[in-house]
Amino acid sequence: MSEHSSTETTEGKSLTPTGRGTLLGAIFLMATSSIGPGFITQTTTFTVELGAAFAFAIVVSILVDIAVQTNVWRVIGVSGKRAQELGNASLPGLGYFMAALLLVGGLVFNIGNVSGAGLGMNIMTDINPKLGAIILAVLALGIFLSKKAGIAMDRAVVVLGALMILLTLYVAITSGPPVGNALKNSVAPETFSALAITTLIGGTIGGYIIYAGAHRLLDAGVSGPGRVRELTNSAILGIIVTGVMRVILFLAILGVVHAGAALDPDNLAASAFQAAAGNVGYRLFGVIFAAAALTSVIGCSYTTVTFLTSSTKNTARQTSYLVVGFIVLSLVLYLSIGTAPQTLLVFAGAFNGILLPVGIGVIMWVAWRRRDLLQGYEYPKWLAALGTAAWVLTIYLAINSIQPAIDLITG
């Protein structure tokens, strides 16, 4: 999906409206890719469990995410190569291994995203979840079948992302959360949960999510040493958008928990929204959940396909058709087997857990040792050191991700 002619600028010149739209689209593509059904469920569960202390986990995860994302976007953007291409350049065959892991994990999670789209439509309108999933899948297909698929995708994720944030903000204001207590806990938590922090980091930058925005900018022609400022600012803004949504959702649920409302253990988030704003809140949750699922379908499908194609050998139309095929396959599998079984989701999580340190390891290797791949760009050592520290943390995340799969196999 290349729009080189409309977005390329030289360093120091202002971006065209289309260029600004592309940057904004990449920011929201990464952000909304992470704001999926799992994001909403995780945030709600940990808020109910930890209360205001969950604020600390959110702050830590945002800081780690910024350290990782700024390195990933800068290396991919400056080199002009996708993550798997950098993998193959670092070690022959490594990029294909990364692509295989992403394909397996992406397909399983996309079945979950399609399922979430159906559930959101059901909550919003009471229609059959499978019919709801078909309707939203068709909307996603329409985006990638349009003549300007890249621009259509950019606009869709920006609009849906803004919609999710504004609707959740309304519920947060309605629920009346103890903001002062949350702020206090953001730096001095009453309870510390390493699990909450690792889960949030994995959910925000795990699997395909970390590459979504950077690959989008490559396809739009935003690459090279002269684009460092745009790449860095976009990466940070993407994490901030995700963080804002996380904070607002956290406050919405926290207000309900603080008020002592009894929540349905089978659907904590929906019942929390209902407790905060009545039936309107319940329906709004359906809109938010459906929008989160739809943007995750878009982001997951697009990014998975970019790992299977080349930015130089495949045309924008070929890429779009492959994305359409991936969405159709995900929908057919959902309609056939229902939502992805828990066992498959755990294994997919393990695949993503492996991909995370492998992919970031490649990025950091290029940053430290492969200036030739960076077009002669001298990479800031402080930024590389920061990214390397975060990479060590992802190894810990990988171990936590793989263990559940081992437990499943052994018993």
# chains A, B, ... in the order shown; residues from 1 in each chain; ligands from 1

call {"tool": "residues_around", "arguments": {"residues": "stretch 222-239 of chain A", "least_positions_apart": "5", "cutoff": "7 Å", "atoms": "only C-alpha atoms", "output": "MDAnalysis selection string"}}
result
chainID A and resid 8 11 23 27:28 30:31 62 65:66 69:70 73:74 77:80 217 377

call {"tool": "residues_around", "arguments": {"residues": "A:Lys381", "least_positions_apart": "4", "cutoff": "9 Å", "atoms": "only C-alpha atoms", "output": "compact mmCIF listing (two decimals) with N, CA and C atoms, in the first residue's frame"}}
result
# COMPACT_ATOMS: atom_id res chain seq x y z
N ALA A 367 20.65 -1.93 15.44
CA ALA A 367 20.97 -0.62 16.03
C ALA A 367 22.42 -0.55 16.49
N TRP A 368 22.92 -1.64 17.09
CA TRP A 368 24.28 -1.64 17.64
C TRP A 368 25.35 -1.94 16.59
N ALA A 385 20.84 1.56 24.28
CA ALA A 385 20.98 0.99 25.62
C ALA A 385 19.62 0.86 26.29
N LEU A 386 18.77 1.85 26.10
CA LEU A 386 17.42 1.82 26.66
C LEU A 386 16.62 0.66 26.05

call {"tool": "select_by_dssp", "arguments": {"residues": "stretch 129-298 of chain A", "states": "alpha helix (DSSP H)", "output": "MDAnalysis selection string"}}
result
chainID A and resid 129:145 149:175 179:187 194:205 209:219 228:258 268:298

call {"tool": "residues_around", "arguments": {"residues": "stretch 174-183 of chain A", "least_positions_apart": "3", "cutoff": "8 Å", "atoms": "only C-alpha atoms", "output": "ChimeraX atom specification"}}
result
/A:52-53,55,170-171,186-187,251-256,258,276-277

call {"tool": "closest_atom_pairs", "arguments": {"of": "stretch 5-102 of chain A", "to": "stretch 199-207 of chain A", "cutoff": "10 Å", "atoms": "only C-alpha atoms", "output": "tab-separated table"}}
result
residue	atom	partner	partner_atom	distance
A:Met30	CA	A:Ile205	CA	8.9
A:Ala31	CA	A:Thr204	CA	8.2
A:Thr32	CA	A:Thr204	CA	9.8
A:Ser33	CA	A:Thr204	CA	8.5
A:Ser34	CA	A:Thr204	CA	5.1
A:Ile35	CA	A:Thr204	CA	7.9
A:Gly36	CA	A:Gly203	CA	9.2
A:Gly38	CA	A:Gly203	CA	7.7
A:Phe39	CA	A:Gly203	CA	6.7
A:Gln42	CA	A:Leu200	CA	7.8
A:Thr43	CA	A:Leu200	CA	8.2
A:Phe46	CA	A:Leu200	CA	9.9
A:Ala57	CA	A:Leu200	CA	7.8
A:Ile58	CA	A:Leu200	CA	7.4
A:Val60	CA	A:Ile201	CA	8.8
A:Ser61	CA	A:Ile201	CA	5.3
A:Ile62	CA	A:Ile201	CA	7.8
A:Leu63	CA	A:Ile201	CA	9.6
A:Val64	CA	A:Ile201	CA	7.4
A:Asp65	CA	A:Ile201	CA	6.6
A:Ile66	CA	A:Ile205	CA	9.7
A:Val68	CA	A:Ile205	CA	8.2
A:Gln69	CA	A:Ile205	CA	7.8
A:Met98	CA	A:Gly207	CA	9.9
A:Leu101	CA	A:Gly207	CA	8.6
A:Leu102	CA	A:Gly207	CA	6.5

call {"tool": "residues_around", "arguments": {"residues": "stretch 83-86 of chain A", "least_positions_apart": "2", "cutoff": "9 Å", "atoms": "only C-alpha atoms", "output": "list in words"}}
result
Val72, Ile76, Ser79, Lys81, Asn88, Ala89, Ser90, Leu91, Leu94, Gly95, Tyr96, Phe97, Met98, Ala99, Tyr211, His215, Phe307, Leu308, Ser310, Gly359, Val362, Ile363, Val366 and Leu373 of chain A

call {"tool": "atom_distance", "arguments": {"atom1": "atom CA of A:Gly260", "atom2": "atom CA of A:Ala275"}}
result
10.1 Å

call {"tool": "atom_distance", "arguments": {"atom1": "atom CA of A:Gly353", "atom2": "atom CA of A:Trp391"}}
result
12.0 Å

call {"tool": "closest_residue", "arguments": {"among": "A:Thr295, A:Asn128, A:Asn185, A:Asn110", "to": "A:Val158", "atoms": "only C-alpha atoms"}}
result
A:Thr295

call {"tool": "atom_distance", "arguments": {"atom1": "atom CA of A:Thr44", "atom2": "atom CA of A:Ala269"}}
result
5.8 Å
